[in-house]
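A.B. asks: Got a structure for you, model_35.pdb, holding PDB, C-alpha atoms.
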ATOM      1  CA  MET E 158       0.000   0.000   0.000
ATOM      2  CA  THR E 159       1.343   3.433  -0.904
ATOM      3  CA  MET E 160       0.163   6.991  -0.613
ATOM      4  CA  PRO E 161      -1.526   8.392  -3.718
ATOM      5  CA  THR E 162       0.030  11.282  -5.553
ATOM      6  CA  GLN E 163      -1.215  14.570  -4.100
ATOM      7  CA  ASN E 164      -0.729  18.126  -5.318
ATOM      8  CA  VAL E 165       0.852  19.239  -2.056
ATOM      9  CA  PRO E 166       2.349  22.754  -1.852
ATOM     10  CA  MET E 167       6.019  22.556  -0.867
ATOM     11  CA  SER E 168       5.399  24.811   2.129
ATOM     12  CA  GLY E 169       1.937  23.470   2.916
ATOM     13  CA  TYR E 170      -1.183  25.582   3.161
ATOM     14  CA  PRO E 171      -0.820  28.788   5.235
ATOM     15  CA  TRP E 172      -3.520  27.817   7.746
ATOM     16  CA  GLN E 173      -1.604  24.623   8.622
ATOM     17  CA  LEU E 174       1.566  26.342   9.794
ATOM     18  CA  GLY E 175       0.788  26.136  13.518
ATOM     19  CA  GLN E 176       0.019  22.416  13.442
ATOM     20  CA  TRP E 177       3.126  21.743  11.348
ATOM     21  CA  ARG E 178       5.474  23.614  13.678
ATOM     22  CA  ARG E 179       3.976  21.856  16.683
ATOM     23  CA  LEU E 180       4.539  18.365  15.296
ATOM     24  CA  VAL E 181       8.000  19.070  13.894
ATOM     25  CA  SER E 182       9.034  20.494  17.266
ATOM     26  CA  GLN E 183       7.751  17.420  19.076
ATOM     27  CA  HIS E 184       9.623  15.157  16.672
ATOM     28  CA  GLN E 185      12.868  17.078  17.023
ATOM     29  CA  GLN E 186      12.570  16.877  20.813
ATOM     30  CA  GLY E 187      11.804  13.146  20.748
ATOM     31  CA  ARG E 188       8.288  13.700  22.114
ATOM     32  CA  LEU E 189       6.215  12.744  19.082
ATOM     33  CA  ALA E 190       3.191  10.577  19.907
ATOM     34  CA  HIS E 191       2.984   7.186  18.225
ATOM     35  CA  ALA E 192      -0.609   7.861  17.117
ATOM     36  CA  LEU E 193      -2.044  11.136  15.802
ATOM     37  CA  LEU E 194      -5.672  11.903  15.004
ATOM     38  CA  LEU E 195      -5.829  14.692  12.415
ATOM     39  CA  SER E 196      -9.421  15.889  12.407
ATOM     40  CA  GLY E 197     -11.656  18.628  11.097
ATOM     41  CA  PRO E 198     -14.178  19.319   8.340
ATOM     42  CA  ALA E 199     -13.455  18.352   4.751
ATOM     43  CA  GLY E 200     -11.738  21.042   2.711
ATOM     44  CA  PHE E 201      -8.887  21.944   5.076
ATOM     45  CA  GLY E 202      -6.235  19.779   3.413
ATOM     46  CA  LYS E 203      -5.817  17.221   6.187
ATOM     47  CA  LEU E 204      -4.748  14.396   3.875
ATOM     48  CA  GLU E 205      -2.231  16.617   2.098
ATOM     49  CA  PHE E 206      -0.845  17.693   5.480
ATOM     50  CA  THR E 207      -0.638  14.060   6.543
ATOM     51  CA  GLN E 208       1.239  13.153   3.381
ATOM     52  CA  ARG E 209       3.774  15.926   3.972
ATOM     53  CA  PHE E 210       4.281  14.848   7.573
ATOM     54  CA  ALA E 211       4.682  11.197   6.579
ATOM     55  CA  GLU E 212       7.341  12.287   4.070
ATOM     56  CA  TYR E 213       9.048  14.320   6.789
ATOM     57  CA  LEU E 214       9.152  11.317   9.152
ATOM     58  CA  LEU E 215      10.580   9.024   6.473
ATOM     59  CA  CYS E 216      13.134  11.517   5.142
ATOM     60  CA  GLN E 217      16.762  10.644   5.956
ATOM     61  CA  SER E 218      17.844  14.290   6.328
ATOM     62  CA  PRO E 219      14.824  16.310   7.521
ATOM     63  CA  ALA E 220      15.119  19.896   8.702
ATOM     64  CA  ASP E 221      11.828  21.749   8.978
ATOM     65  CA  SER E 222      10.451  19.557   6.189
ATOM     66  CA  ALA E 223      11.518  16.604   4.051
ATOM     67  CA  CYS E 224      14.741  17.322   2.150
ATOM     68  CA  GLY E 225      13.415  16.056  -1.171
ATOM     69  CA  GLN E 226      16.881  14.805  -2.145
ATOM     70  CA  CYS E 227      17.637  11.633  -0.193
ATOM     71  CA  ALA E 228      16.935   8.054  -1.296
ATOM     72  CA  SER E 229      13.788   7.896   0.857
ATOM     73  CA  CYS E 230      12.436  11.115  -0.634
ATOM     74  CA  HIS E 231      13.094   9.730  -4.109
ATOM     75  CA  LEU E 232      11.088   6.599  -3.265
ATOM     76  CA  LEU E 233       8.306   8.779  -1.885
ATOM     77  CA  SER E 234       8.243  10.869  -5.059
ATOM     78  CA  VAL E 235       7.444   7.765  -7.114
ATOM     79  CA  ASN E 236       4.993   6.351  -4.529
ATOM     80  CA  ASN E 237       7.233   3.383  -3.820
ATOM     81  CA  HIS E 238       8.459   3.762  -0.244
ATOM     82  CA  PRO E 239       8.354   0.334   1.466
ATOM     83  CA  ASP E 240       7.658   1.748   4.943
ATOM     84  CA  LEU E 241       4.686   3.951   4.098
ATOM     85  CA  PHE E 242       1.225   2.371   4.188
ATOM     86  CA  LEU E 243      -2.205   3.722   3.339
ATOM     87  CA  LEU E 244      -5.393   2.093   4.597
ATOM     88  CA  THR E 245      -8.631   3.283   2.961
ATOM     89  CA  PRO E 246     -12.006   1.705   2.133
ATOM     90  CA  GLU E 247     -11.977  -0.536  -0.919
ATOM     91  CA  GLU E 248     -14.798   1.597  -2.329
ATOM     92  CA  ILE E 249     -15.976   5.118  -1.556
ATOM     93  CA  GLY E 250     -18.588   5.079   1.169
ATOM     94  CA  LYS E 251     -17.731   1.555   2.302
ATOM     95  CA  ALA E 252     -16.177   0.401   5.590
ATOM     96  CA  ILE E 253     -12.574  -0.416   6.395
ATOM     97  CA  LYS E 254     -12.844  -4.026   7.546
ATOM     98  CA  ILE E 255     -11.025  -6.027  10.186
ATOM     99  CA  ASP E 256      -9.017  -8.111   7.705
ATOM    100  CA  ALA E 257      -7.436  -4.978   6.250
ATOM    101  CA  VAL E 258      -6.490  -3.734   9.731
ATOM    102  CA  ARG E 259      -5.059  -7.107  10.692
ATOM    103  CA  GLU E 260      -2.962  -7.177   7.513
ATOM    104  CA  LEU E 261      -1.629  -3.717   8.313
ATOM    105  CA  ILE E 262      -0.746  -4.722  11.887
ATOM    106  CA  LEU E 263       1.106  -7.817  10.682
ATOM    107  CA  THR E 264       3.132  -5.659   8.314
ATOM    108  CA  LEU E 265       3.946  -3.124  11.021
ATOM    109  CA  ASN E 266       5.130  -5.931  13.308
ATOM    110  CA  GLN E 267       7.959  -6.568  10.862
ATOM    111  CA  THR E 268      11.192  -4.588  10.814
ATOM    112  CA  ALA E 269      11.233  -1.422   8.735
ATOM    113  CA  GLN E 270      12.909  -2.063   5.407
ATOM    114  CA  ARG E 271      14.862   1.198   5.483
ATOM    115  CA  ALA E 272      15.783   1.132   9.187
ATOM    116  CA  GLY E 273      13.722   4.203  10.007
ATOM    117  CA  TYR E 274      10.085   4.829  10.794
ATOM    118  CA  GLN E 275       7.145   2.836   9.571
ATOM    119  CA  VAL E 276       4.255   5.201   8.917
ATOM    120  CA  ALA E 277       0.661   4.087   8.440
ATOM    121  CA  VAL E 278      -2.099   6.455   7.278
ATOM    122  CA  ILE E 279      -5.731   5.476   7.895
ATOM    123  CA  ALA E 280      -8.193   7.687   6.012
ATOM    124  CA  PRO E 281     -10.966   8.267   6.757
ATOM    125  CA  ALA E 282     -10.479   6.699  10.159
ATOM    126  CA  GLU E 283     -14.220   6.762  10.912
ATOM    127  CA  ALA E 284     -14.698   4.308   8.037
ATOM    128  CA  MET E 285     -13.340   1.519  10.243
ATOM    129  CA  ASN E 286     -16.176  -0.725  11.354
ATOM    130  CA  LYS E 287     -16.412  -1.742  15.005
ATOM    131  CA  ALA E 288     -14.371  -4.905  14.593
ATOM    132  CA  ALA E 289     -11.646  -3.077  12.657
ATOM    133  CA  ALA E 290     -11.426  -0.318  15.272
ATOM    134  CA  ASN E 291     -11.175  -2.888  18.060
ATOM    135  CA  ALA E 292      -8.398  -4.695  16.190
ATOM    136  CA  LEU E 293      -6.431  -1.446  16.030
ATOM    137  CA  LEU E 294      -6.737  -0.810  19.768
ATOM    138  CA  LYS E 295      -3.970  -3.197  20.812
ATOM    139  CA  THR E 296      -1.525  -1.469  18.489
ATOM    140  CA  LEU E 297      -2.584   1.908  19.905
ATOM    141  CA  GLU E 298      -2.191   0.651  23.480
ATOM    142  CA  GLU E 299       1.148  -1.084  22.926
ATOM    143  CA  PRO E 300       3.079   0.864  20.289
ATOM    144  CA  MET E 301       5.692  -1.086  18.370
ATOM    145  CA  GLY E 302       9.173   0.348  17.826
ATOM    146  CA  LYS E 303       9.394   3.269  15.424
ATOM    147  CA  VAL E 304       5.817   3.110  14.175
ATOM    148  CA  VAL E 305       3.648   6.197  13.731
ATOM    149  CA  LEU E 306      -0.067   5.869  13.019
ATOM    150  CA  LEU E 307      -1.718   8.863  11.330
ATOM    151  CA  LEU E 308      -5.524   8.725  11.499
ATOM    152  CA  VAL E 309      -7.334  11.269   9.302
ATOM    153  CA  SER E 310     -10.974  12.014  10.111
ATOM    154  CA  HIS E 311     -13.693  14.381   8.890
ATOM    155  CA  GLN E 312     -16.006  13.183  11.686
ATOM    156  CA  PRO E 313     -13.971  12.185  14.749
ATOM    157  CA  GLY E 314     -17.145  11.907  16.815
ATOM    158  CA  GLN E 315     -17.945   8.740  14.891
ATOM    159  CA  LEU E 316     -14.766   7.084  16.153
ATOM    160  CA  PRO E 317     -14.946   5.027  19.349
ATOM    161  CA  ALA E 318     -13.868   6.981  22.414
ATOM    162  CA  THR E 319     -11.248   4.294  23.045
ATOM    163  CA  ILE E 320      -9.588   5.189  19.725
ATOM    164  CA  ARG E 321      -9.753   8.959  20.263
ATOM    165  CA  SER E 322      -8.333   8.746  23.785
ATOM    166  CA  ARG E 323      -5.228   6.902  22.583
ATOM    167  CA  CYS E 324      -4.306   9.462  19.943
ATOM    168  CA  GLN E 325      -2.839  12.926  20.146
ATOM    169  CA  GLN E 326      -5.444  15.124  18.499
ATOM    170  CA  ILE E 327      -4.437  17.656  15.848
ATOM    171  CA  GLN E 328      -7.417  19.758  14.812
ATOM    172  CA  PHE E 329      -8.061  21.705  11.622
ATOM    173  CA  THR E 330     -11.115  23.861  12.241
ATOM    174  CA  TYR E 331     -10.106  27.394  11.283
ATOM    175  CA  ALA E 332      -8.200  28.625   8.258
ATOM    176  CA  HIS E 333      -6.269  31.769   9.153
ATOM    177  CA  ASN E 334      -6.021  34.240   6.241
ATOM    178  CA  ALA E 335      -8.055  31.874   4.069
ATOM    179  CA  ASP E 336      -9.620  34.816   2.212
ATOM    180  CA  VAL E 337      -6.178  36.081   1.182
ATOM    181  CA  TRP E 338      -5.122  32.632  -0.032
ATOM    182  CA  LEU E 339      -8.410  32.012  -1.859
ATOM    183  CA  SER E 340      -8.358  35.431  -3.515
ATOM    184  CA  ALA E 341      -4.922  34.619  -4.940
ATOM    185  CA  GLN E 342      -6.182  31.270  -6.249
ATOM    186  CA  LEU E 343      -9.198  32.924  -7.860
ATOM    187  CA  ARG E 344      -6.945  35.458  -9.595
ATOM    188  CA  ASP E 345      -4.928  32.574 -11.037
ATOM    189  CA  LEU E 346      -8.199  31.173 -12.408
ATOM    190  CA  ASN E 347      -9.100  34.588 -13.853
ATOM    191  CA  SER E 348     -12.235  34.382 -11.718
ATOM    192  CA  SER E 349     -14.168  37.444 -10.600
ATOM    193  CA  LEU E 350     -15.860  35.548  -7.767
ATOM    194  CA  ALA E 351     -15.565  37.014  -4.272
ATOM    195  CA  ALA E 352     -13.575  34.904  -1.814
ATOM    196  CA  PRO E 353     -15.724  35.823   1.236
ATOM    197  CA  VAL E 354     -18.916  34.631  -0.530
ATOM    198  CA  LEU E 355     -17.348  31.297  -1.488
ATOM    199  CA  LEU E 356     -15.885  30.777   1.985
ATOM    200  CA  LYS E 357     -19.270  31.430   3.580
ATOM    201  CA  ILE E 358     -20.907  28.830   1.338
ATOM    202  CA  ALA E 359     -18.051  26.369   1.927
ATOM    203  CA  GLU E 360     -18.329  26.807   5.720
ATOM    204  CA  HIS E 361     -14.893  28.465   5.702
ATOM    205  CA  ALA E 362     -13.113  25.404   4.283
ATOM    206  CA  PRO E 363     -10.671  26.944   1.754
ATOM    207  CA  LEU E 364     -10.130  23.908  -0.488
ATOM    208  CA  ARG E 365     -13.860  23.281  -0.631
ATOM    209  CA  ALA E 366     -14.376  26.917  -1.622
ATOM    210  CA  LEU E 367     -11.778  26.616  -4.398
ATOM    211  CA  ASP E 368     -13.410  23.419  -5.643
ATOM    212  CA  LEU E 369     -16.781  25.204  -5.783
ATOM    213  CA  ALA E 370     -15.230  27.975  -7.872
ATOM    214  CA  LYS E 371     -13.649  25.510 -10.305
ATOM    215  CA  ASN E 372     -16.973  23.696 -10.737
ATOM    216  CA  ASN E 373     -19.063  26.852 -11.330
ATOM    217  CA  TYR E 374     -21.096  26.138  -8.209
ATOM    218  CA  LEU E 375     -22.448  29.671  -7.827
ATOM    219  CA  THR E 376     -23.849  29.634 -11.366
ATOM    220  CA  LEU E 377     -25.514  26.297 -10.654
ATOM    221  CA  ARG E 378     -26.926  27.534  -7.334
ATOM    222  CA  ASP E 379     -28.208  30.765  -8.847
ATOM    223  CA  GLN E 380     -29.932  28.896 -11.667
ATOM    224  CA  LEU E 381     -31.663  26.584  -9.200
ATOM    225  CA  LEU E 382     -32.717  29.351  -6.819
ATOM    226  CA  THR E 383     -34.025  31.532  -9.660
ATOM    227  CA  HIS E 384     -36.035  28.617 -11.031
ATOM    228  CA  LEU E 385     -37.544  27.790  -7.630
ATOM    229  CA  LEU E 386     -38.538  31.404  -7.107
ATOM    230  CA  GLU E 387     -39.985  31.855 -10.604
ATOM    231  CA  HIS E 388     -41.952  28.606 -10.297
ATOM    232  CA  SER E 389     -43.408  29.736  -6.969
ATOM    233  CA  GLN E 390     -44.573  32.907  -8.757
ATOM    234  CA  GLY E 391     -46.145  30.942 -11.601
ATOM    235  CA  ARG E 392     -43.567  32.091 -14.147
ATOM    236  CA  ALA E 393     -41.793  28.738 -14.780
ATOM    237  CA  LEU E 394     -42.773  25.095 -15.163
ATOM    238  CA  LEU E 395     -41.536  22.871 -12.345
ATOM    239  CA  LEU E 396     -39.760  20.252 -14.467
ATOM    240  CA  ALA E 397     -38.708  22.450 -17.377
ATOM    241  CA  PRO E 398     -34.985  22.675 -16.475
ATOM    242  CA  VAL E 399     -34.460  18.996 -15.588
ATOM    243  CA  ALA E 400     -32.512  18.228 -18.777
ATOM    244  CA  GLY E 401     -30.195  21.153 -18.046
ATOM    245  CA  TYR E 402     -29.632  20.050 -14.457
ATOM    246  CA  LEU E 403     -28.643  16.587 -15.667
ATOM    247  CA  GLN E 404     -25.833  18.142 -17.695
ATOM    248  CA  GLN E 405     -24.293  19.538 -14.514
ATOM    249  CA  ASN E 406     -22.579  18.013 -11.488
ATOM    250  CA  LEU E 407     -25.536  16.297  -9.827
ATOM    251  CA  SER E 408     -23.810  16.037  -6.450
ATOM    252  CA  LEU E 409     -23.197  19.798  -6.418
ATOM    253  CA  TRP E 410     -26.777  20.406  -7.583
ATOM    254  CA  ILE E 411     -28.063  18.510  -4.558
ATOM    255  CA  ASP E 412     -25.600  20.380  -2.314
ATOM    256  CA  ALA E 413     -27.052  23.635  -3.637
ATOM    257  CA  PHE E 414     -30.594  22.394  -2.990
ATOM    258  CA  ILE E 415     -29.641  21.418   0.571
ATOM    259  CA  SER E 416     -28.051  24.802   1.132
ATOM    260  CA  ILE E 417     -31.161  26.653  -0.090
ATOM    261  CA  ALA E 418     -33.542  24.487   1.948
ATOM    262  CA  MET E 419     -31.423  24.918   5.072
ATOM    263  CA  ASP E 420     -31.472  28.697   4.693
ATOM    264  CA  LEU E 421     -35.255  28.694   4.257
ATOM    265  CA  LEU E 422     -35.521  26.638   7.436
ATOM    266  CA  ARG E 423     -33.276  29.128   9.248
ATOM    267  CA  LEU E 424     -35.431  32.042   8.086
ATOM    268  CA  ASN E 425     -38.593  30.265   9.269
ATOM    269  CA  LEU E 426     -36.975  29.731  12.654
ATOM    270  CA  GLY E 427     -36.084  33.408  12.929
ATOM    271  CA  VAL E 428     -32.338  32.999  12.626
ATOM    272  CA  ASN E 429     -30.430  36.203  11.938
ATOM    273  CA  ALA E 430     -29.836  36.709   8.213
ATOM    274  CA  ALA E 431     -26.095  37.028   8.857
ATOM    275  CA  ALA E 432     -26.043  33.316   9.699
ATOM    276  CA  LEU E 433     -27.403  32.264   6.304
ATOM    277  CA  THR E 434     -25.136  30.270   4.043
ATOM    278  CA  ASN E 435     -26.471  32.047   0.963
ATOM    279  CA  GLN E 436     -26.538  35.464   2.538
ATOM    280  CA  ASP E 437     -25.722  37.036  -0.828
ATOM    281  CA  ARG E 438     -29.118  35.814  -2.125
ATOM    282  CA  LEU E 439     -31.262  36.977   0.784
ATOM    283  CA  SER E 440     -33.603  38.952  -1.493
ATOM    284  CA  GLN E 441     -34.551  35.731  -3.318
ATOM    285  CA  LEU E 442     -34.759  33.561  -0.206
ATOM    286  CA  GLN E 443     -37.100  35.838   1.737
ATOM    287  CA  PRO E 444     -40.163  35.497  -0.544
ATOM    288  CA  LEU E 445     -39.691  31.702  -0.663
ATOM    289  CA  ALA E 446     -39.452  31.132   3.080
ATOM    290  CA  PRO E 447     -43.149  31.641   3.987
ATOM    291  CA  LEU E 448     -44.180  29.097   1.329
ATOM    292  CA  TYR E 449     -42.234  26.230   2.925
ATOM    293  CA  PRO E 450     -43.266  25.723   6.571
ATOM    294  CA  PHE E 451     -41.140  24.248   9.336
ATOM    295  CA  PRO E 452     -42.663  20.720   9.415
ATOM    296  CA  ALA E 453     -42.188  20.197   5.672
ATOM    297  CA  LEU E 454     -38.605  21.387   5.245
ATOM    298  CA  PRO E 455     -36.887  18.902   7.622
ATOM    299  CA  ALA E 456     -38.625  16.009   5.860
ATOM    300  CA  PHE E 457     -37.539  17.318   2.464
ATOM    301  CA  LEU E 458     -33.977  17.816   3.706
ATOM    302  CA  THR E 459     -33.920  14.169   4.754
ATOM    303  CA  GLU E 460     -34.780  13.223   1.160
ATOM    304  CA  LEU E 461     -31.995  15.435  -0.148
ATOM    305  CA  TYR E 462     -29.413  13.899   2.182
ATOM    306  CA  GLN E 463     -30.523  10.411   1.171
ATOM    307  CA  ALA E 464     -30.224  11.375  -2.496
ATOM    308  CA  ARG E 465     -26.710  12.685  -1.957
ATOM    309  CA  GLN E 466     -25.719   9.471  -0.217
ATOM    310  CA  SER E 467     -27.116   7.475  -3.127
ATOM    311  CA  ILE E 468     -24.956   9.468  -5.542
ATOM    312  CA  LEU E 469     -21.844   8.848  -3.439
ATOM    313  CA  SER E 470     -22.485   5.113  -3.231
ATOM    314  CA  SER E 471     -20.896   3.209  -6.085
ATOM    315  CA  GLN E 472     -23.168   0.239  -5.327
ATOM    316  CA  ILE E 473     -26.389   1.979  -6.347
ATOM    317  CA  HIS E 474     -27.398   2.318  -9.997
ATOM    318  CA  LEU E 475     -29.202   5.628 -10.220
ATOM    319  CA  ASN E 476     -31.886   6.725 -12.607
ATOM    320  CA  GLU E 477     -30.725  10.337 -12.514
ATOM    321  CA  PRO E 478     -33.649  11.904 -14.441
ATOM    322  CA  LEU E 479     -36.105  10.181 -12.107
ATOM    323  CA  LEU E 480     -34.119  11.310  -9.042
ATOM    324  CA  VAL E 481     -34.118  14.968 -10.109
ATOM    325  CA  GLU E 482     -37.799  14.940 -11.076
ATOM    326  CA  SER E 483     -38.735  13.226  -7.811
ATOM    327  CA  LEU E 484     -36.879  15.807  -5.715
ATOM    328  CA  LEU E 485     -38.530  18.706  -7.543
ATOM    329  CA  ILE E 486     -41.985  17.137  -7.194
ATOM    330  CA  HIS E 487     -41.464  16.545  -3.473
ATOM    331  CA  TRP E 488     -40.263  20.133  -3.154
ATOM    332  CA  GLU E 489     -43.538  21.271  -4.714
ATOM    333  CA  MET E 490     -45.501  19.003  -2.378
ATOM    334  CA  SER E 491     -43.847  20.707   0.604
ATOM    335  CA  ARG E 492     -45.159  24.091  -0.442
ATOM    336  CA  ILE E 493     -48.106  26.004   0.942
ATOM    337  CA  HIS E 494     -50.198  27.257  -2.008
ATOM    338  CA  ILE E 495     -51.575  30.704  -1.271
TER     339      ILE E 495
END
Could you render the structure from this file as structure tokens?
C.D. replies:
Amino acid sequence: MTMPTQNVPMSGYPWQLGQWRRLVSQHQQGRLAHALLLSGPAGFGKLEFTQRFAEYLLCQSPADSACGQCASCHLLSVNNHPDLFLLTPEEIGKAIKIDAVRELILTLNQTAQRAGYQVAVIAPAEAMNKAAANALLKTLEEPMGKVVLLLVSHQPGQLPATIRSRCQQIQFTYAHNADVWLSAQLRDLNSSLAAPVLLKIAEHAPLRALDLAKNNYLTLRDQLLTHLLEHSQGRALLLAPVAGYLQQNLSLWIDAFISIAMDLLRLNLGVNAAALTNQDRLSQLQPLAPLYPFPALPAFLTELYQARQSILSSQIHLNEPLLVESLLIHWEMSRIHI
């Protein structure tokens, strides 16, 4: 098992500097924990950070980062280092099973091939099923030689408390100067989009915000919101744009629908407009909110989340036109006609 190639900035992302300095200092002082839990929402670059730190640990001449010149760094550059292991689900959305964990443990019980660290990355760690997590516990309780386990998690609360308590926790929950970094990325894309708007929609996760910009998310969201508003005013047919929606990223389309529905729910509950995800479209959200009452919106949101999960599951064959039409029809059924 080897780490996949990642487009990792040589100096890392600017909001990761504090975590990086902390871990490098601990390593240089001989105080590095044998198990780290790197956690936080998606879009903060946790896996990229983990890759850089694994490279640093395996480097033969590290300073404040991997040297990039030694034999180990060369092996890492071609994804062929014998002491670096990656444990992930066999398929997206599936569990990491006990057999895979046992195989990893057996490998780590052997001597490192390059006489340095053995580094194992488990991502996402919450994908381990109960049996797999229990199998890992013994290794966490009784660390073996120069082994470092790096657990990456978007949802650490889903991990057993016994796992969390045996790891040093490194959190990624706030991106300092993310607007400056994102603005620079948008300039490189020749994009006129505003970084603060994207960051708000992406819940302040910079890489998520950049991904939204690259995939024209705001155009998709605006098209959907305009259609929903015009239909509510009798100026557009409910299913007229389905063919157009199917030409777009369906996962992002559902994300946009979830975002709009959540903001309507917030408005119905009297939440301050400043807390809205789509605050830049308040003038369109306000006339929609009274038409979709509190009891109906949570039920519709459940359907949207289930639809998104179906898209992410490689085991489900989707009839995409039927899915989109069904969601729009159920949206209409949630409405109060006045």
A.B. asks: Run the PyMOL selection byres ((chain E and resi 311) around 10) against the file shown and list the residues it catches, as an MDAnalysis selection string.
C.D. replies: chainID E and resid 195:201 203 280:283 309:310 312:315 329
A.B. asks: Can you work out which one of E:Leu407, E:Leu194, E:Lys357, E:Leu439 has the shortest atom-to-atom distance to Thr207 of chain E, counting all atoms listed in the file?
C.D. replies: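 Among the listed residues, the smallest separation from Thr207 of chain E belongs to E:Leu194.
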A.B. asks: Counting all atoms listed in the file, which residue out of E:Leu215, E:Val181, E:Ile279, E:Leu382 sits closest to Cys227 of chain E?
C.D. replies: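 Ranking E:Leu215, E:Val181, E:Ile279, E:Leu382 by distance to Cys227 of chain E, first place goes to E:Leu215.
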A.B. asks: Convert the output of the PyMOL selection byres ((chain E and resi 367) around 9) on the shown file into explicit residues, formatted as a short mmCIF file (atom, residue, chain, number, x, y, z; two decimals) with C-alpha atoms, in the coordinates of the input.
C.D. replies:
data_model
loop_
_atom_site.label_atom_id
_atom_site.label_comp_id
_atom_site.auth_asym_id
_atom_site.auth_seq_id
_atom_site.Cartn_x
_atom_site.Cartn_y
_atom_site.Cartn_z
CA LEU E 339 -8.41 32.01 -1.86
CA GLN E 342 -6.18 31.27 -6.25
CA LEU E 343 -9.20 32.92 -7.86
CA ALA E 352 -13.58 34.90 -1.81
CA LEU E 355 -17.35 31.30 -1.49
CA LEU E 356 -15.88 30.78 1.98
CA ALA E 359 -18.05 26.37 1.93
CA ALA E 362 -13.11 25.40 4.28
CA PRO E 363 -10.67 26.94 1.75
CA LEU E 364 -10.13 23.91 -0.49
CA ARG E 365 -13.86 23.28 -0.63
CA ALA E 366 -14.38 26.92 -1.62
CA ASP E 368 -13.41 23.42 -5.64
CA LEU E 369 -16.78 25.20 -5.78
CA ALA E 370 -15.23 27.98 -7.87
CA LYS E 371 -13.65 25.51 -10.30
CA ASN E 372 -16.97 23.70 -10.74
#
A.B. asks: Tell me which of E:Leu233, E:Met301, E:Leu469, E:Ala456 sits closest to Glu248 of chain E, counting all atoms listed in the file.
C.D. replies: E:Leu469
A.B. asks: Which one of E:Val354, E:Asn236, E:Asp412, E:Ser440 sits closest to Leu377 of chain E if you count all atoms listed in the file?
C.D. replies: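 For Leu377 of chain E, the nearest of the given residues is E:Asp412.
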A.B. asks: Could you expand the PyMOL selection byres ((chain E and resi 402) around 10) into the explicit residues it covers here, written as a PyMOL selection string?
C.D. replies: chain E and resi 377+380-381+397-401+403-407+410+477-478+481
A.B. asks: Could you check how far atom CA of Pro444 of chain E sits from atom CA of Ile411 of chain E, in Å to one decimal?
C.D. replies: 21.2 Å
A.B. asks: Write out as an MDAnalysis selection string which residues come within 7 Å of Thr434 of chain E when counting only C-alpha atoms, dropping same-chain ones fewer than 5 positions away.
C.D. replies: chainID E and resid 357:358 416 420
A.B. asks: Taking into account all atoms listed in the file, which residue in the set E:Arg465, E:Lys254, E:His184, E:Arg423 is nearest to Ala446 of chain E?
C.D. replies: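 Ranked by minimum distance to Ala446 of chain E, first place goes to E:Arg423.
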A.B. asks: Considering all atoms listed in the file, can you say which of E:Glu360, E:Glu212, E:Glu298, E:Glu205 comes closest to Asn435 of chain E?
C.D. replies: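 With all atoms listed in the file as the atom set, the closest residue is E:Glu360.
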A.B. asks: If we count all atoms listed in the file and set the cut-off at 10 Å, which residues sit around segment 273-278 of chain E, ignoring sequence neighbours fewer than 3 positions away in its own chain? Please answer as a PyMOL selection string.
C.D. replies: chain E and resi 158-160+191-193+204+207-208+210-212+214-217+229+238-245+261-262+264-270+281-282+301-309
A.B. asks: Can you pull out every residue within 12 Å of Thr383 of chain E, counting all atoms listed in the file, but drop anything in the same chain fewer than 2 positions away, and send it as a ChimeraX atom specification?
C.D. replies: /E:375-381,385-390,392-393,395,398,414,417,438,440-442,444-445
A.B. asks: Quick one: distance from atom CA of Asn373 of chain E to atom CA of Trp488 of chain E in Å, one decimal?
C.D. replies: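 Value for the atom CA of Asn373 of chain E-atom CA of Trp488 of chain E distance: 23.7 Å.
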A.B. asks: Quick check, in Å to one decimal: how far apart do atom CA of Asp221 of chain E and atom CA of Trp177 of chain E lie?
C.D. replies: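 Atom CA of Trp177 of chain E lies at a distance of 9.0 Å from atom CA of Asp221 of chain E.
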A.B. asks: Show me, as a list in words, the residues that have an atom within 8 Å of Trp172 of chain E when counting all atoms listed in the file, minus same-chain residues fewer than 4 positions from it.
C.D. replies: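 The neighbour list is Tyr331, Ala332, His333, Asn334 and Ala335 of chain E.
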A.B. asks: Would you mind exporting C-alpha atoms of the selected residues as a PDB file, keeping the file's coordinate frame?
C.D. replies:
ATOM      1  CA  TYR E 331     -10.106  27.394  11.283  1.00  0.00           C
ATOM      2  CA  ALA E 332      -8.200  28.625   8.258  1.00  0.00           C
ATOM      3  CA  HIS E 333      -6.269  31.769   9.153  1.00  0.00           C
ATOM      4  CA  ASN E 334      -6.021  34.240   6.241  1.00  0.00           C
ATOM      5  CA  ALA E 335      -8.055  31.874   4.069  1.00  0.00           C
TER       6      ALA E 335
END
